[in-house]
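To keep things clear, I will list the structure first and then write my remarks on it.
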Amino acid sequence: MGLKRLFLRMATIGLGIGLMTSAALAANLRVLAWDGYADPDWVKDFTAATGIGVDVVFIGSDDEIWAKIKGSEGQDFDVFAVNTAQLQRYIKADLVSPIDITKLANQKEVLPRFRDLSQVSGDTKDGKVYGIPFCFDSIGLIYDTDKVKPAPTSMSVLWDPAYKGKVLAYDNGEHNFSFTALTLGYKDPFNLNEEQMAAVKAKLVELKRNVLSFYTTADEAQQIYQNNDVALIWANYGQQQVKALQKIGAHVAYVNPSEGALAWLDNWVISKGVRDNAAAEKWIDFMLSKKVSGELSERTGFGNTVTETGSAGGNDKLVWLNNVEDPLKRSDMWNEVKATP
Amino acid sequence: MNQNTDLLTLRSVSKSYGTVPVLHDIDLSIRDGEFLTVLGPSGSGKTTVLRLIGGLEPLTSGEIRLDGQDIGHMPINRRPFNTVFQDYALFPHLTVSGNVGYGLSVRHVPRKEIVRRVAEALELVQLGRFADRFPAQLSGGQRQRVALARALICQPRLILLDEPLAALDLELRRQMQEFLKSIQREIKTTFLFVTHDQEEAIGMADRICVMEAGHIRQLGTPHDLYYKPNCEFVARFFGENNLVAGQLGMVQGELRSIETALGRLICSISGQPHLKAAPDGASAYAAFRPEALHLADTQDTDNRFSGTIADLAFAGSSTVATIAAGVDSAAQRLRLRVPSRVDGSALKSGETVSLSFAPHEGHLVLA
Amino acid sequence: MQPAERRLSLLVTVLAFALPVLFVLVPLAIFLGYSFFSVDQGTIVYGLSLGNYVRFFTDPIFLPVFWNTIVLCISVAIICILLAYPAAYFLTTLEGRWRYALLMLLLVPLLMSYVIKIYAIRSILGLNGFLNKALVAVGILQQPSTLFVFNMNAILLTLTLLLIPFAILPIFLSLERIPQVLLRASDDLGASGLQTFLRITLPLSLPGVASAASFVFVLAIGDFLTPQMVGGISGFTFGRILYSQFGTAYNWPFGAALSVALAVVVIAAILIGERFGRNRGTSI
């Protein structure tokens, strides 16, 4: 009998310790974000202001976010950053929780075009808000001001035979189909019918013949620019890329094409497995403060939703990236484009 | 072919590796058609002699003359000699016939003739059935014969054999010795055979060249070397020998006396004028074979001394006794070999015996 | 043996078998398994079908790219061998200390990051790169040429540069293993230097050449970075398609099927290399 009691007592103590440690861990907010979205000084300020500790995990690709969130069915993180095009996929998979924007004081102070979230494509579903936009940039065109005259206004310059072999394009089927669709004047570049797809594909094969190489990282594009005769770069990394090129003394400028520039808009979202919803809301609200948003733009060159910045301003026609009709099909067709001799 | 004409002559041949000399001023004539064995312990320079003749090593100085022409610096592939290497050096990727025909094929001999001559050569070394095997599929003795066939098919003026039997076991080695000798007799080609095994040398050679420390110590027939060694090294190296140190005494015709710890011994100097010419009192050894020594009887007056039997070893047909002889008995150990059937059973360990050898069976060696 | 010792040796044996099984066979089996699944709306459907393989063989883009990639990698292997053989041969002619010092020097690039090497090579080959500058400086070219980057030449050149150490090493080892006495025996039998090389050295070094070729081929065919980074618009290889299935299309099952196709070729290359790499007889 005595032995049994001892065991029970030990089990109780063990359980108690276990609960206490998990409670201590639970106190920390678990954030999954791109580098640049949760700098250490902001995290420190946030903890100082709210008393909530933060654990940040940085990711490097959309696929990685999906793998991390989907892999744990949303249980491993409380808040994460994802762009509008991706968000719908998470909503559909029931990996995110709706957000009560009345809890976000700073959301009322954001730039007018981000106030009504039902107007921001991809952030809502069935009247519920799932994503709070905070950071964006356009995917515009970088051109060498010495080589490209007059200054281009449309992506169609990429097809100009005058720049044959001097064009750097980005190696991604989804975006390439979307921007080419815009260049061809299609209204919804994210939902193309068969006929439009075929036309875009043919156009991309043409583009390919004008291209020097397809790049994947900003560094890579910069290195190719330095060692070769490059006039035009389809700038997947937008402002970030321009800044870097200008830093090395390149004579380049950036333009958002008149037919509309693809743009990405990153949102804070709360995962399905959130442990402390209030803490997550506090984090989002903190990120929407004028100070943090301003600093984000200063540091990264991206636009933010709170203060007006130079790039992708109110006058530019931005087309927020959205879920495309069939990512697999676009990827396959892009392979076909690349495989065309 | 005439065994009295010289095929190849080495004149003042020296070889050094860097600053280390391995051959000192060697002079050697190889007679046409002979089986010459170069014998010596390892490090004596015997293999170097072979490698210099074959062209496997460059000469440091001296001449190698063939047909009156110095070939000391002729490239290896133009010398009319072929080598049987110690570990055979068969080409592992070629069949037996590929190996044997190699020397003909690099000389662009017509295919048909190669086939015919390879068949002949394999027949000669009794390997006809193995033509299509690869070296790895052969036994050591078979590889050995392939190596020989490969060397002799080019009809070289001289075949160089570098300890070719070293890797074989005793029985096979004996067979191969006879085989090599018979082949040599059959094709009448000059063989230069390098070995460290004196039994092998005695069994096969027409002449033996004994080398030590980069010098030739003696060159002669096996009989000469056995019975008339001209120096302590040859006397000791060549079979069992009893050597007793002493000082030379008077000459009496073909005999000369030597004063030793065993008393005055009389030995033959027949055919060795340098022993006759040596001054009285010169240091020398009396050399006599264990089988020349015998238990003395009353008729034996010369070369008589006593000793104690320290040890007895039965060796089949003969019995070998180790004898402690002389005044300071520990100083002089001699070996006595007697037929087991006659005298062997009479000997007892610890017994003191009287011993003797006939003067014509004793020899002198200058120290 | 003590029980403890026996347990230890049992553990070692189990590990020796478990490690390759765990890290080679199991992943391969998982890939094979995945290749029979399919993808619907971004999620993997775990139903068995041959669809991925049917697609691989019927879709007009995969087989031609697959074939072109194989041809490319065979070319790389051939070029590597042609360059590596003389280099390795030269190494074996050197005296002991120099031989290994130089060999080490040739292998140093293996210690560097693969991506950085590609970057470096690309800047060398570029229009404003070192190669063009040098060729213009010595007067071979009038003006910088685009011949060396973002085309097939660039892929061949870059892969060759990256992989040549993998060719030099096995060839060097096989040349070094040839007993010198065989070469002397050949000389002794009257062969000229060239005859000795062609009839003895070359055939005996073929095992090294075969493993070098299969190394280079296997490494080249698995490489998706180099064609992407220096091949420009012609740099579309099978590795790229494969990568896109995992990296961008999120079609793991089809990617797995393509991997299986690649694995078949790689295993075949290794087997062929091994087959030719074996000596007919053991060396004596």
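Naming scheme: A, B, ... for chains in displayed order of the structure tokens; residues 1 onward per chain; ligands 1 onward as shown.
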
* To do: Pull the strand (DSSP E or B) assignments for segment 91-197 of chain B out of DSSP run on the backbone, and list those residues as number ranges by chain.
  => B: 158-162, 190-195

Check your understanding: Near Phe288 of chain B, within 10 Å and counting only C-alpha atoms, which residues show up once chain neighbours fewer than 5 positions away are dropped, as a list in words?
Key -> Tyr227, Ala235, Glu240, Asn241, Asn242, Leu243, Val244, Cys267, Leu293, Leu334, Arg335, Phe357, Ala358, Pro359, His360, Glu361, Gly362, His363 and Leu364 of chain B

Hey, what's within 12 Å of Leu106 of chain C if we count only C-alpha atoms and toss same-chain stuff fewer than 4 positions away? As a PyMOL selection string, please? chain C and resi 84+87-88+91+99-102+110-111+161-169+172

Generate the output file for the selected residues, C-alpha atoms, as a short mmCIF file (atom, residue, chain, number, x, y, z; two decimals), in the first residue's frame.
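Saved to result-v2.cif:
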data_model
loop_
_atom_site.label_atom_id
_atom_site.label_comp_id
_atom_site.auth_asym_id
_atom_site.auth_seq_id
_atom_site.Cartn_x
_atom_site.Cartn_y
_atom_site.Cartn_z
CA ALA C 84 42.14 14.64 -66.09
CA ALA C 87 47.02 15.66 -65.43
CA ALA C 88 46.92 12.43 -63.43
CA LEU C 91 51.33 13.59 -61.41
CA ARG C 99 53.44 14.28 -56.44
CA TYR C 100 51.28 14.41 -53.34
CA ALA C 101 51.71 18.13 -52.79
CA LEU C 102 50.41 18.79 -56.28
CA LEU C 110 36.72 20.20 -53.22
CA LEU C 111 36.90 21.91 -49.86
CA LEU C 161 35.92 22.62 -63.76
CA LEU C 162 33.80 21.62 -60.79
CA LEU C 163 34.07 17.90 -61.30
CA ILE C 164 37.56 17.42 -62.66
CA PRO C 165 39.05 16.62 -59.23
CA PHE C 166 36.66 13.68 -59.07
CA ALA C 167 38.16 12.46 -62.32
CA ILE C 168 41.79 13.09 -61.48
CA LEU C 169 41.76 11.19 -58.21
CA PHE C 172 45.73 8.94 -60.50
#

With a cut-off of 6 Å and counting only C-alpha atoms, select all residues of chain B in contact with chain C and give the selection as a tab-separated table (two decimals) with N, CA and C atoms, in the first residue's frame.
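So the final result, stored in out.tsv, reads:
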chain	number	residue	atom	x	y	z
B	76	ILE	N	66.80	0.68	-73.17
B	76	ILE	CA	66.41	-0.67	-72.79
B	76	ILE	C	65.70	-1.41	-73.91
B	77	ASN	N	64.85	-0.73	-74.64
B	77	ASN	CA	64.03	-1.45	-75.62
B	77	ASN	C	64.81	-1.79	-76.89
B	82	ASN	N	66.52	-10.11	-72.93
B	82	ASN	CA	65.21	-10.09	-72.27
B	82	ASN	C	65.35	-10.60	-70.86
B	89	ALA	N	56.32	-10.22	-63.39
B	89	ALA	CA	55.87	-9.03	-64.10
B	89	ALA	C	55.05	-9.38	-65.33
B	92	PRO	N	48.78	-8.31	-66.39
B	92	PRO	CA	47.57	-8.98	-65.87
B	92	PRO	C	46.39	-8.91	-66.83
B	103	GLY	N	56.43	-9.29	-77.06
B	103	GLY	CA	57.69	-8.81	-77.62
B	103	GLY	C	57.71	-8.84	-79.14
B	106	VAL	N	55.07	-5.96	-80.45
B	106	VAL	CA	55.56	-4.57	-80.47
B	106	VAL	C	56.61	-4.36	-81.55
B	136	ALA	N	46.34	-14.36	-63.60
B	136	ALA	CA	45.78	-14.59	-62.27
B	136	ALA	C	45.22	-16.01	-62.12

>> Can you work out which residues from chain C touch chain A at a cut-off of 6 Å (counting only C-alpha atoms) and hand them back as a PyMOL selection string?
In response: chain C and resi 123+126-129+232-233+249

Mind writing the picked residues with C-alpha atoms as a PDB file, in the first residue's frame?
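Ended up saving to part_0.pdb:
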ATOM      1  CA  SER C 123      32.185  35.765 -63.021  1.00  0.00           C
ATOM      2  CA  GLY C 126      31.115  36.523 -67.970  1.00  0.00           C
ATOM      3  CA  LEU C 127      31.299  39.235 -70.581  1.00  0.00           C
ATOM      4  CA  ASN C 128      33.315  41.434 -68.217  1.00  0.00           C
ATOM      5  CA  GLY C 129      34.940  38.412 -66.673  1.00  0.00           C
ATOM      6  CA  GLY C 232      21.070  30.796 -69.414  1.00  0.00           C
ATOM      7  CA  ILE C 233      18.081  29.832 -71.502  1.00  0.00           C
ATOM      8  CA  ALA C 249       5.282  23.005 -58.020  1.00  0.00           C
TER       9      ALA C 249
END

* **Who sits within 12 Å of Arg79 of chain B, only C-alpha atoms, same chain under 4 positions skipped, as a VMD selection string** => (chain B and resid 52 to 56 64 to 66 69 to 75 83 154 to 160) or (chain C and resid 187 to 191)

What would the file look like if the residues just selected were written as an mmCIF file, in the first residue's frame with C-alpha atoms?
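Full text of out-v2.cif as output:
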data_model
loop_
_atom_site.group_PDB
_atom_site.id
_atom_site.type_symbol
_atom_site.label_atom_id
_atom_site.label_comp_id
_atom_site.auth_asym_id
_atom_site.auth_seq_id
_atom_site.Cartn_x
_atom_site.Cartn_y
_atom_site.Cartn_z
ATOM 1 C CA LEU B 52 72.692 -2.615 -65.717
ATOM 2 C CA ILE B 53 73.084 -5.224 -68.428
ATOM 3 C CA GLY B 54 69.352 -5.252 -69.114
ATOM 4 C CA GLY B 55 69.229 -1.469 -69.272
ATOM 5 C CA LEU B 56 66.819 -1.178 -66.351
ATOM 6 C CA ILE B 64 79.270 -2.860 -71.368
ATOM 7 C CA ARG B 65 80.545 -4.256 -74.657
ATOM 8 C CA LEU B 66 78.554 -6.460 -76.990
ATOM 9 C CA GLN B 69 80.377 -2.110 -79.255
ATOM 10 C CA ASP B 70 79.617 -0.256 -76.023
ATOM 11 C CA ILE B 71 75.924 -0.671 -75.271
ATOM 12 C CA GLY B 72 76.158 0.770 -71.765
ATOM 13 C CA HIS B 73 73.853 3.620 -72.657
ATOM 14 C CA MET B 74 71.657 1.972 -75.250
ATOM 15 C CA PRO B 75 67.922 2.362 -74.427
ATOM 16 C CA THR B 83 64.550 -10.364 -68.592
ATOM 17 C CA CYS B 154 62.286 -12.748 -78.960
ATOM 18 C CA GLN B 155 65.416 -14.889 -79.421
ATOM 19 C CA PRO B 156 67.551 -12.576 -77.320
ATOM 20 C CA ARG B 157 71.344 -12.908 -77.247
ATOM 21 C CA LEU B 158 71.103 -13.130 -73.472
ATOM 22 C CA ILE B 159 68.327 -13.964 -71.062
ATOM 23 C CA LEU B 160 68.548 -12.283 -67.695
ATOM 24 C CA ASP C 187 60.437 -1.768 -72.302
ATOM 25 C CA ASP C 188 62.553 -4.844 -71.856
ATOM 26 C CA LEU C 189 60.490 -6.681 -74.465
ATOM 27 C CA GLY C 190 61.286 -3.946 -76.947
ATOM 28 C CA ALA C 191 58.260 -1.673 -76.719
#

Query raised in the report: Running DSSP on the backbone, which parts of segment 276-323 of chain A land in helix (DSSP H, G or I), as a PyMOL selection string?
Result: chain A and resi 277-287+290-300

Can I get the selection written as a tab-separated table (two decimals), in the first residue's frame, with N, CA and C atoms?
chain	number	residue	atom	x	y	z
A	277	ASN	N	-4.62	33.93	-27.63
A	277	ASN	CA	-5.09	34.78	-28.72
A	277	ASN	C	-4.82	36.26	-28.44
A	278	ALA	N	-4.97	36.66	-27.19
A	278	ALA	CA	-4.78	38.07	-26.83
A	278	ALA	C	-3.33	38.49	-27.07
A	279	ALA	N	-2.39	37.60	-26.72
A	279	ALA	CA	-0.98	37.92	-26.93
A	279	ALA	C	-0.70	38.07	-28.42
A	280	ALA	N	-1.27	37.19	-29.23
A	280	ALA	CA	-1.08	37.25	-30.67
A	280	ALA	C	-1.62	38.57	-31.22
A	281	GLU	N	-2.81	38.98	-30.73
A	281	GLU	CA	-3.39	40.25	-31.17
A	281	GLU	C	-2.48	41.41	-30.79
A	282	LYS	N	-1.91	41.34	-29.57
A	282	LYS	CA	-1.01	42.40	-29.13
A	282	LYS	C	0.21	42.52	-30.04
A	283	TRP	N	0.74	41.36	-30.44
A	283	TRP	CA	1.90	41.35	-31.36
A	283	TRP	C	1.55	42.07	-32.67
A	284	ILE	N	0.40	41.69	-33.24
A	284	ILE	CA	0.01	42.28	-34.52
A	284	ILE	C	-0.18	43.79	-34.37
A	285	ASP	N	-0.85	44.16	-33.31
A	285	ASP	CA	-1.10	45.58	-33.10
A	285	ASP	C	0.21	46.34	-32.92
A	286	PHE	N	1.15	45.69	-32.22
A	286	PHE	CA	2.46	46.31	-32.00
A	286	PHE	C	3.18	46.52	-33.34
A	287	MET	N	3.07	45.52	-34.21
A	287	MET	CA	3.75	45.62	-35.51
A	287	MET	C	3.13	46.71	-36.38
A	290	LYS	N	3.20	53.01	-35.74
A	290	LYS	CA	3.90	53.89	-36.69
A	290	LYS	C	5.40	53.67	-36.63
A	291	LYS	N	5.91	53.49	-35.37
A	291	LYS	CA	7.36	53.36	-35.19
A	291	LYS	C	7.88	52.11	-35.91
A	292	VAL	N	7.29	50.96	-35.57
A	292	VAL	CA	7.79	49.71	-36.14
A	292	VAL	C	7.60	49.69	-37.66
A	293	SER	N	6.43	50.11	-38.13
A	293	SER	CA	6.17	50.09	-39.57
A	293	SER	C	7.15	51.00	-40.30
A	294	GLY	N	7.39	52.16	-39.74
A	294	GLY	CA	8.33	53.10	-40.36
A	294	GLY	C	9.72	52.49	-40.43
A	295	GLU	N	10.13	51.91	-39.31
A	295	GLU	CA	11.46	51.32	-39.28
A	295	GLU	C	11.57	50.15	-40.26
A	296	LEU	N	10.51	49.39	-40.40
A	296	LEU	CA	10.50	48.26	-41.33
A	296	LEU	C	10.82	48.74	-42.75
A	297	SER	N	10.14	49.83	-43.16
A	297	SER	CA	10.38	50.36	-44.50
A	297	SER	C	11.80	50.89	-44.63
A	298	GLU	N	12.26	51.59	-43.58
A	298	GLU	CA	13.62	52.13	-43.61
A	298	GLU	C	14.63	51.01	-43.82
A	299	ARG	N	14.43	49.94	-43.06
A	299	ARG	CA	15.43	48.88	-43.05
A	299	ARG	C	15.37	48.01	-44.31
A	300	THR	N	14.20	47.73	-44.81
A	300	THR	CA	14.08	46.77	-45.91
A	300	THR	C	13.83	47.42	-47.26

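Closest approach to Leu141 of chain A among A:Tyr237, A:Ile65, A:Val306, A:Tyr186 is made by A:Tyr237 (distances from only C-alpha atoms).
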